[in-house]
$ cat coords.pdb   # PDB, C-alpha atoms
ATOM      1  CA  MET A   1      63.984  34.743 158.027
ATOM      2  CA  PRO A   2      66.303  35.940 155.202
ATOM      3  CA  VAL A   3      65.016  39.232 153.831
ATOM      4  CA  THR A   4      66.162  41.986 151.507
ATOM      5  CA  VAL A   5      65.590  45.514 152.796
ATOM      6  CA  VAL A   6      64.413  47.905 150.088
ATOM      7  CA  GLN A   7      64.082  51.662 150.371
ATOM      8  CA  ALA A   8      60.823  52.198 148.499
ATOM      9  CA  GLY A   9      60.216  55.880 148.101
ATOM     10  CA  PRO A  10      58.924  58.313 148.780
ATOM     11  CA  CYS A  11      58.119  58.753 145.109
ATOM     12  CA  ALA A  12      56.604  61.946 143.723
ATOM     13  CA  VAL A  13      53.845  61.984 141.109
ATOM     14  CA  THR A  14      55.431  64.032 138.317
ATOM     15  CA  GLN A  15      52.709  63.590 135.686
ATOM     16  CA  VAL A  16      49.202  62.155 135.318
ATOM     17  CA  LYS A  17      48.217  61.057 131.820
ATOM     18  CA  THR A  18      44.596  60.892 130.659
ATOM     19  CA  PRO A  19      42.869  59.722 127.463
ATOM     20  CA  GLU A  20      42.064  63.334 126.613
ATOM     21  CA  SER A  21      45.693  64.493 126.681
ATOM     22  CA  ASP A  22      47.695  61.326 125.946
ATOM     23  CA  GLY A  23      45.245  58.640 124.828
ATOM     24  CA  TYR A  24      45.508  56.424 127.923
ATOM     25  CA  HIS A  25      45.541  56.445 131.726
ATOM     26  CA  ALA A  26      48.947  56.486 133.395
ATOM     27  CA  VAL A  27      50.883  57.914 136.309
ATOM     28  CA  GLN A  28      54.538  58.914 136.101
ATOM     29  CA  LEU A  29      56.580  58.592 139.298
ATOM     30  CA  GLY A  30      59.901  60.270 140.090
ATOM     31  CA  PHE A  31      62.312  58.768 142.618
ATOM     32  CA  GLY A  32      65.585  59.957 144.120
ATOM     33  CA  GLU A  33      65.966  63.653 144.840
ATOM     34  CA  ILE A  34      69.043  65.199 143.211
ATOM     35  CA  LYS A  35      70.586  68.633 142.892
ATOM     36  CA  ALA A  36      69.595  70.667 139.858
ATOM     37  CA  LYS A  37      73.177  70.597 138.524
ATOM     38  CA  PHE A  38      72.898  66.818 138.060
ATOM     39  CA  SER A  39      69.710  67.142 135.963
ATOM     40  CA  ASN A  40      68.954  69.067 132.766
ATOM     41  CA  PHE A  41      66.666  71.958 131.891
ATOM     42  CA  PRO A  42      63.842  69.900 130.286
ATOM     43  CA  LEU A  43      63.572  67.578 133.299
ATOM     44  CA  ILE A  44      63.894  70.467 135.775
ATOM     45  CA  GLY A  45      60.985  72.202 134.046
ATOM     46  CA  HIS A  46      59.015  68.959 133.883
ATOM     47  CA  THR A  47      59.271  68.331 137.622
ATOM     48  CA  ALA A  48      58.746  72.013 138.484
ATOM     49  CA  LYS A  49      55.431  71.835 136.613
ATOM     50  CA  ALA A  50      54.354  69.194 139.151
ATOM     51  CA  GLY A  51      55.673  71.305 142.036
ATOM     52  CA  VAL A  52      58.564  68.988 143.006
ATOM     53  CA  GLY A  53      62.343  69.138 142.731
ATOM     54  CA  PRO A  54      64.532  67.307 140.199
ATOM     55  CA  ARG A  55      64.474  63.516 140.339
ATOM     56  CA  LYS A  56      67.010  60.912 139.234
ATOM     57  CA  TYR A  57      64.664  58.160 138.034
ATOM     58  CA  PHE A  58      61.287  58.262 136.282
ATOM     59  CA  ARG A  59      58.884  55.387 135.659
ATOM     60  CA  GLU A  60      55.439  55.357 134.075
ATOM     61  CA  ILE A  61      52.689  53.028 135.303
ATOM     62  CA  ARG A  62      49.809  52.273 132.945
ATOM     63  CA  LEU A  63      46.354  52.223 134.537
ATOM     64  CA  LYS A  64      43.023  50.776 133.450
ATOM     65  CA  ASP A  65      40.956  53.524 135.052
ATOM     66  CA  ALA A  66      41.419  57.118 136.133
ATOM     67  CA  THR A  67      43.317  57.827 139.346
ATOM     68  CA  ASP A  68      42.709  60.326 142.114
ATOM     69  CA  ARG A  69      46.431  61.164 142.326
ATOM     70  CA  LYS A  70      47.501  64.650 141.350
ATOM     71  CA  PRO A  71      50.918  65.929 140.182
ATOM     72  CA  GLY A  72      53.002  66.686 143.237
ATOM     73  CA  ASP A  73      51.432  63.972 145.420
ATOM     74  CA  SER A  74      53.757  61.685 147.357
ATOM     75  CA  VAL A  75      53.571  57.882 147.114
ATOM     76  CA  ASN A  76      55.132  55.882 149.944
ATOM     77  CA  VAL A  77      55.173  52.303 151.242
ATOM     78  CA  SER A  78      51.738  52.657 152.826
ATOM     79  CA  ILE A  79      50.205  51.646 149.464
ATOM     80  CA  PHE A  80      51.532  48.115 150.189
ATOM     81  CA  ASP A  81      49.524  47.893 153.411
ATOM     82  CA  GLY A  82      47.681  44.553 153.347
ATOM     83  CA  VAL A  83      49.687  43.207 150.367
ATOM     84  CA  ARG A  84      51.155  39.763 151.079
ATOM     85  CA  PHE A  85      53.102  39.042 147.888
ATOM     86  CA  VAL A  86      55.020  41.305 145.500
ATOM     87  CA  ASP A  87      56.735  41.050 142.123
ATOM     88  CA  VAL A  88      60.164  42.661 141.812
ATOM     89  CA  ILE A  89      61.588  43.912 138.510
ATOM     90  CA  GLY A  90      65.253  44.847 138.236
ATOM     91  CA  THR A  91      68.387  44.655 136.104
ATOM     92  CA  SER A  92      70.553  41.626 136.789
ATOM     93  CA  LYS A  93      74.247  41.918 137.588
ATOM     94  CA  GLY A  94      76.469  42.294 134.531
ATOM     95  CA  LYS A  95      78.914  39.412 134.043
ATOM     96  CA  GLY A  96      80.635  40.620 130.881
ATOM     97  CA  THR A  97      81.488  38.090 128.161
ATOM     98  CA  ALA A  98      81.064  34.572 129.515
ATOM     99  CA  GLY A  99      81.691  31.117 128.102
ATOM    100  CA  VAL A 100      79.095  28.393 127.645
ATOM    101  CA  MET A 101      79.921  26.638 130.928
ATOM    102  CA  LYS A 102      79.171  29.726 132.992
ATOM    103  CA  ARG A 103      76.449  31.176 130.768
ATOM    104  CA  HIS A 104      74.474  28.021 129.888
ATOM    105  CA  HIS A 105      75.791  25.432 132.382
ATOM    106  CA  PHE A 106      77.432  23.234 129.755
ATOM    107  CA  GLY A 107      79.394  20.266 131.075
ATOM    108  CA  GLY A 108      82.538  20.895 129.040
ATOM    109  CA  GLN A 109      84.719  18.344 127.266
ATOM    110  CA  PRO A 110      86.255  15.225 128.853
ATOM    111  CA  ALA A 111      89.102  15.932 131.250
ATOM    112  CA  SER A 112      91.260  13.206 129.716
ATOM    113  CA  HIS A 113      91.316  10.903 126.654
ATOM    114  CA  GLY A 114      93.175  13.260 124.410
ATOM    115  CA  THR A 115      91.369  16.533 125.105
ATOM    116  CA  GLU A 116      93.954  19.278 124.715
ATOM    117  CA  ARG A 117      93.239  22.924 125.597
ATOM    118  CA  LYS A 118      89.529  22.528 124.735
ATOM    119  CA  HIS A 119      88.082  21.514 128.091
ATOM    120  CA  ARG A 120      85.618  24.418 128.391
ATOM    121  CA  SER A 121      84.590  24.702 124.727
ATOM    122  CA  PRO A 122      80.992  24.116 123.556
ATOM    123  CA  GLY A 123      81.791  21.388 121.021
ATOM    124  CA  SER A 124      80.387  21.037 117.510
ATOM    125  CA  LEU A 125      77.778  23.460 116.161
ATOM    126  CA  ALA A 126      77.401  21.863 112.708
ATOM    127  CA  SER A 127      74.123  20.136 113.514
ATOM    128  CA  ARG A 128      72.671  23.503 114.523
ATOM    129  CA  ALA A 129      73.263  25.115 111.117
ATOM    130  CA  THR A 130      70.332  26.433 109.075
ATOM    131  CA  TRP A 131      69.750  24.676 105.719
ATOM    132  CA  ARG A 132      72.593  22.207 106.134
ATOM    133  CA  GLY A 133      74.488  21.843 102.882
ATOM    134  CA  GLN A 134      73.465  25.299 101.673
ATOM    135  CA  SER A 135      74.412  27.657 104.482
ATOM    136  CA  GLY A 136      76.644  27.372 107.501
ATOM    137  CA  LYS A 137      74.870  30.094 109.461
ATOM    138  CA  PRO A 138      73.771  28.846 112.908
ATOM    139  CA  LYS A 139      70.133  28.953 113.865
ATOM    140  CA  LYS A 140      68.942  31.798 116.045
ATOM    141  CA  GLY A 141      68.931  30.978 119.722
ATOM    142  CA  VAL A 142      71.876  28.586 119.674
ATOM    143  CA  ARG A 143      73.487  28.581 123.115
ATOM    144  CA  MET A 144      76.968  30.012 122.668
ATOM    145  CA  ALA A 145      79.443  32.197 124.537
ATOM    146  CA  GLY A 146      78.580  35.892 124.725
ATOM    147  CA  HIS A 147      77.322  38.768 126.830
ATOM    148  CA  MET A 148      75.856  37.669 130.154
ATOM    149  CA  GLY A 149      73.811  39.683 132.633
ATOM    150  CA  MET A 150      72.502  43.268 132.534
ATOM    151  CA  ASP A 151      69.056  41.933 131.564
ATOM    152  CA  ARG A 152      65.624  42.953 132.798
ATOM    153  CA  VAL A 153      64.593  40.286 135.303
ATOM    154  CA  THR A 154      61.229  39.792 137.024
ATOM    155  CA  THR A 155      61.034  37.588 140.122
ATOM    156  CA  ARG A 156      57.508  36.812 141.211
ATOM    157  CA  ASN A 157      55.580  36.122 144.391
ATOM    158  CA  HIS A 158      58.045  37.276 147.048
ATOM    159  CA  PRO A 159      56.393  37.307 150.491
ATOM    160  CA  LEU A 160      56.248  40.861 151.839
ATOM    161  CA  LEU A 161      57.050  40.326 155.506
ATOM    162  CA  LYS A 162      57.038  43.835 156.951
ATOM    163  CA  ILE A 163      56.487  47.489 156.086
ATOM    164  CA  ASP A 164      58.306  50.324 157.861
ATOM    165  CA  PRO A 165      56.386  53.527 156.970
ATOM    166  CA  ALA A 166      58.587  55.719 159.169
ATOM    167  CA  ASN A 167      61.695  54.934 157.099
ATOM    168  CA  ASN A 168      59.976  53.933 153.816
ATOM    169  CA  LEU A 169      61.372  50.397 153.965
ATOM    170  CA  LEU A 170      60.029  47.102 152.656
ATOM    171  CA  LEU A 171      61.275  43.791 154.048
ATOM    172  CA  ILE A 172      60.942  41.261 151.228
ATOM    173  CA  LYS A 173      61.778  37.590 151.647
ATOM    174  CA  GLY A 174      64.447  36.189 149.358
ATOM    175  CA  ALA A 175      67.062  37.495 146.950
ATOM    176  CA  LEU A 176      66.127  40.241 144.492
ATOM    177  CA  PRO A 177      67.636  40.892 141.044
ATOM    178  CA  GLY A 178      70.541  43.280 140.652
ATOM    179  CA  PRO A 179      73.409  44.554 142.794
ATOM    180  CA  ASN A 180      73.206  46.286 146.149
ATOM    181  CA  GLY A 181      72.016  49.833 145.597
ATOM    182  CA  GLY A 182      70.353  48.978 142.274
ATOM    183  CA  LEU A 183      67.010  50.364 141.118
ATOM    184  CA  LEU A 184      63.965  48.100 141.525
ATOM    185  CA  PHE A 185      60.328  48.353 140.479
ATOM    186  CA  ILE A 186      58.025  46.700 143.019
ATOM    187  CA  ARG A 187      54.367  45.924 142.394
ATOM    188  CA  LYS A 188      51.618  43.845 143.958
ATOM    189  CA  SER A 189      51.922  40.270 142.725
ATOM    190  CA  ILE A 190      49.658  39.491 139.785
ATOM    191  CA  THR A 191      49.967  35.682 139.889
ATOM    192  CA  ALA A 192      50.064  34.799 143.609
ATOM    193  CA  ARG A 193      47.220  32.666 144.860
ATOM    194  CA  VAL A 194      46.283  33.892 148.320
ATOM    195  CA  ARG A 195      44.221  31.470 150.374
ATOM    196  CA  GLU A 196      41.399  33.155 152.244
ATOM    197  CA  GLU A 197      41.691  32.786 156.009
ATOM    198  CA  LYS A 198      38.491  31.805 157.770
TER
END

$ encode --input "coords.pdb" --output "C-alpha coordinates"
Amino acid sequence: MPVTVVQAGPCAVTQVKTPESDGYHAVQLGFGEIKAKFSNFPLIGHTAKAGVGPRKYFREIRLKDATDRKPGDSVNVSIFDGVRFVDVIGTSKGKGTAGVMKRHHFGGQPASHGTERKHRSPGSLASRATWRGQSGKPKKGVRMAGHMGMDRVTTRNHPLLKIDPANNLLLIKGALPGPNGGLLFIRKSITARVREEK
(Lines of atoms letter the chains of each structure in order from A and count residues from 1; the text may use other names and numbers.)
(Lines give C-alpha, C1' and ligand atoms only; values in the text may rest on other atoms or scores of the structure.)
Protein backbone atom coordinates (compact mmCIF):
# COMPACT_ATOMS: atom_id res chain seq x y z
CA MET A 1 0.00 0.00 0.00
CA PRO A 2 1.63 3.33 -1.02
CA VAL A 3 1.64 5.68 1.96
CA THR A 4 3.14 9.01 2.95
CA VAL A 5 4.67 9.10 6.43
CA VAL A 6 3.95 12.34 8.28
CA GLN A 7 5.48 13.47 11.55
CA ALA A 8 2.43 14.98 13.23
CA GLY A 9 3.48 16.68 16.41
CA PRO A 10 3.72 16.82 19.23
CA CYS A 11 2.13 20.25 19.06
CA ALA A 12 1.90 22.55 22.07
CA VAL A 13 -1.19 24.61 22.89
CA THR A 14 0.22 28.15 22.96
CA GLN A 15 -3.05 30.05 23.37
CA VAL A 16 -6.75 29.40 23.99
CA LYS A 17 -9.14 32.06 22.72
CA THR A 18 -12.60 32.61 24.22
CA PRO A 19 -15.55 34.88 23.36
CA GLU A 20 -14.83 36.93 26.48
CA SER A 21 -11.25 37.76 25.49
CA ASP A 22 -11.24 37.48 21.68
CA GLY A 23 -14.86 37.17 20.54
CA TYR A 24 -14.71 33.53 19.42
CA HIS A 25 -13.51 30.06 20.42
CA ALA A 26 -10.14 28.97 19.07
CA VAL A 27 -6.98 27.09 19.94
CA GLN A 28 -3.53 28.11 18.74
CA LEU A 29 -1.00 25.32 18.23
CA GLY A 30 2.78 25.65 18.01
CA PHE A 31 4.88 23.06 16.18
CA GLY A 32 8.62 22.55 15.78
CA GLU A 33 10.84 23.35 18.73
CA ILE A 34 13.63 25.81 17.91
CA LYS A 35 16.39 27.61 19.76
CA ALA A 36 15.57 31.04 21.13
CA LYS A 37 18.12 32.68 18.81
CA PHE A 38 16.02 31.63 15.80
CA SER A 39 12.87 33.28 17.22
CA ASN A 40 12.14 36.84 18.33
CA PHE A 41 11.28 38.46 21.65
CA PRO A 42 7.49 38.79 21.08
CA LEU A 43 7.12 35.11 20.15
CA ILE A 44 9.46 33.99 22.95
CA GLY A 45 7.30 35.87 25.44
CA HIS A 46 4.12 34.54 23.85
CA THR A 47 5.19 30.90 24.18
CA ALA A 48 6.69 31.45 27.65
CA LYS A 49 3.27 32.68 28.79
CA ALA A 50 1.93 29.22 27.90
CA GLY A 51 4.88 27.54 29.65
CA VAL A 52 6.53 26.13 26.50
CA GLY A 53 9.68 26.91 24.53
CA PRO A 54 9.90 28.81 21.22
CA ARG A 55 8.16 27.23 18.24
CA LYS A 56 8.76 27.57 14.51
CA TYR A 57 5.18 27.32 13.23
CA PHE A 58 1.87 28.54 14.66
CA ARG A 59 -1.64 27.72 13.47
CA GLU A 60 -5.02 28.73 14.87
CA ILE A 61 -8.01 26.37 14.79
CA ARG A 62 -11.48 27.88 15.10
CA LEU A 63 -13.91 25.97 17.32
CA LYS A 64 -17.68 26.00 17.66
CA ASP A 65 -17.67 25.32 21.39
CA ALA A 66 -15.31 25.76 24.31
CA THR A 67 -12.42 23.32 24.71
CA ASP A 68 -10.95 21.67 27.77
CA ARG A 69 -7.39 22.26 26.51
CA LYS A 70 -5.20 24.61 28.48
CA PRO A 71 -2.12 26.60 27.38
CA GLY A 72 0.90 24.35 27.68
CA ASP A 73 -0.99 21.12 26.90
CA SER A 74 0.50 18.76 24.33
CA VAL A 75 -1.46 17.51 21.31
CA ASN A 76 -0.21 14.35 19.61
CA VAL A 77 -1.41 11.81 17.05
CA SER A 78 -3.64 10.06 19.58
CA ILE A 79 -6.41 12.56 18.71
CA PHE A 80 -6.69 10.72 15.35
CA ASP A 81 -7.49 7.43 17.09
CA GLY A 82 -10.58 5.99 15.37
CA VAL A 83 -10.42 8.45 12.44
CA ARG A 84 -10.55 6.67 9.07
CA PHE A 85 -10.22 9.56 6.62
CA VAL A 86 -8.31 12.85 6.79
CA ASP A 87 -8.02 16.06 4.78
CA VAL A 88 -4.51 17.39 4.16
CA ILE A 89 -3.75 21.07 3.55
CA GLY A 90 -0.35 22.14 2.27
CA THR A 91 1.54 24.41 -0.12
CA SER A 92 2.18 22.90 -3.53
CA LYS A 93 5.64 22.74 -5.06
CA GLY A 94 6.74 25.96 -6.74
CA LYS A 95 7.32 25.62 -10.49
CA GLY A 96 8.35 29.19 -11.27
CA THR A 97 7.08 30.82 -14.47
CA ALA A 98 5.53 28.19 -16.72
CA GLY A 99 4.05 28.25 -20.20
CA VAL A 100 0.50 27.30 -21.12
CA MET A 101 1.38 23.73 -22.12
CA LYS A 102 2.79 22.92 -18.69
CA ARG A 103 0.50 25.17 -16.66
CA HIS A 104 -2.86 24.53 -18.37
CA HIS A 105 -2.18 21.42 -20.50
CA PHE A 106 -2.61 23.19 -23.83
CA GLY A 107 -1.92 21.10 -26.92
CA GLY A 108 0.38 23.60 -28.63
CA GLN A 109 0.50 24.52 -32.30
CA PRO A 110 0.84 22.07 -35.22
CA ALA A 111 4.27 20.50 -35.54
CA SER A 112 4.37 21.14 -39.29
CA HIS A 113 2.43 23.07 -41.97
CA GLY A 114 4.38 26.26 -41.65
CA THR A 115 4.57 26.64 -37.88
CA GLU A 116 7.87 28.37 -37.15
CA ARG A 117 9.20 28.86 -33.61
CA LYS A 118 5.66 29.04 -32.17
CA HIS A 119 5.01 25.39 -31.34
CA ARG A 120 4.36 25.92 -27.61
CA SER A 121 2.52 29.25 -27.79
CA PRO A 122 -1.11 29.65 -26.64
CA GLY A 123 -2.46 31.04 -29.93
CA SER A 124 -4.86 33.94 -30.38
CA LEU A 125 -6.35 35.78 -27.39
CA ALA A 126 -8.44 38.28 -29.37
CA SER A 127 -11.73 36.48 -28.80
CA ARG A 128 -11.10 36.65 -25.06
CA ALA A 129 -10.90 40.46 -24.97
CA THR A 130 -13.37 42.47 -22.88
CA TRP A 131 -15.68 44.80 -24.86
CA ARG A 132 -14.31 43.83 -28.25
CA GLY A 133 -13.88 46.91 -30.41
CA GLN A 134 -13.52 49.21 -27.40
CA SER A 135 -10.80 47.65 -25.27
CA GLY A 136 -8.15 45.06 -25.90
CA LYS A 137 -7.79 44.08 -22.26
CA PRO A 138 -8.23 40.31 -21.77
CA LYS A 139 -10.93 39.02 -19.49
CA LYS A 140 -9.97 37.95 -16.00
CA GLY A 141 -9.23 34.27 -15.69
CA VAL A 142 -7.88 33.77 -19.20
CA ARG A 143 -5.48 30.82 -19.16
CA MET A 144 -2.06 32.21 -19.99
CA ALA A 145 1.58 31.64 -19.06
CA GLY A 146 2.60 32.77 -15.58
CA HIS A 147 3.50 31.78 -12.05
CA MET A 148 2.79 28.13 -11.28
CA GLY A 149 2.75 26.37 -7.92
CA MET A 150 3.26 27.67 -4.36
CA ASP A 151 -0.52 27.62 -3.85
CA ARG A 152 -2.55 26.44 -0.88
CA VAL A 153 -3.87 23.00 -1.81
CA THR A 154 -6.39 20.82 0.04
CA THR A 155 -6.61 17.12 -0.82
CA ARG A 156 -9.58 15.38 0.72
CA ASN A 157 -10.54 11.97 2.03
CA HIS A 158 -7.15 10.28 2.34
CA PRO A 159 -7.47 6.93 4.14
CA LEU A 160 -5.56 7.03 7.43
CA LEU A 161 -4.02 3.57 7.53
CA LYS A 162 -1.98 3.58 10.74
CA ILE A 163 -1.04 5.70 13.74
CA ASP A 164 2.31 5.38 15.51
CA PRO A 165 1.90 7.18 18.88
CA ALA A 166 5.41 6.27 20.04
CA ASN A 167 7.02 8.26 17.21
CA ASN A 168 4.13 10.67 16.47
CA LEU A 169 3.73 9.36 12.92
CA LEU A 170 0.70 9.14 10.64
CA LEU A 171 0.66 6.75 7.68
CA ILE A 172 -1.64 8.33 5.09
CA LYS A 173 -2.48 6.65 1.80
CA GLY A 174 -1.59 8.55 -1.35
CA ALA A 175 0.46 11.58 -2.33
CA LEU A 176 0.19 14.76 -0.27
CA PRO A 177 0.70 18.36 -1.45
CA GLY A 178 4.10 19.99 -1.18
CA PRO A 179 7.73 18.87 -1.13
CA ASN A 180 9.37 16.43 1.25
CA GLY A 181 9.82 18.14 4.59
CA GLY A 182 7.03 20.65 3.92
CA LEU A 183 4.52 21.82 6.52
CA LEU A 184 1.06 20.20 6.43
CA PHE A 185 -2.18 20.80 8.30
CA ILE A 186 -4.09 17.56 8.87
CA ARG A 187 -7.69 17.38 10.04
CA LYS A 188 -10.46 14.81 10.24
CA SER A 189 -12.22 14.61 6.88
CA ILE A 190 -15.36 16.73 6.70
CA THR A 191 -16.81 15.22 3.50
CA ALA A 192 -16.00 11.49 3.71
CA ARG A 193 -18.97 9.17 3.84
CA VAL A 194 -18.14 6.35 6.23
CA ARG A 195 -20.35 3.29 5.92
CA GLU A 196 -21.37 1.87 9.27
CA GLU A 197 -20.15 -1.69 9.80
CA LYS A 198 -22.74 -4.07 11.18

$ resolve_selection --input "coords.pdb" --expression "the PyMOL selection byres ((chain A and resi 166-171) around 7)" --output "VMD selection string"
chain A and resid 3 to 10 76 to 77 160 to 165 172 to 173

$ resolve_selection --input "coords.pdb" --expression "the PyMOL selection byres ((chain A and resi 177) around 7)" --output "list of chain:residue names"
A:Gly90, A:Thr91, A:Ser92, A:Val153, A:Ala175, A:Leu176, A:Gly178

$ atom_distance --input "coords.pdb" --atom1 "CA of Thr191 (chain A)" --atom2 "CA of Phe31 (chain A)"
26.3 Å

$ atom_distance --input "coords.pdb" --atom1 "CA of Val13 (chain A)" --atom2 "CA of Glu33 (chain A)"
12.8 Å

$ residues_near_point --input "coords.pdb" --point "(56.0, 66.6, 135.7)" --cutoff "6 Å" --atoms "all atoms listed in the file" --output "list in words"
Thr14, Gln15, His46, Thr47, Lys49 and Ala50 of chain A

$ residues_around --input "coords.pdb" --residues "Asp87 (chain A)" --least-positions-apart "6" --cutoff "7 Å" --atoms "only C-alpha atoms" --output "PyMOL selection string"
chain A and resi 154-158+186-189
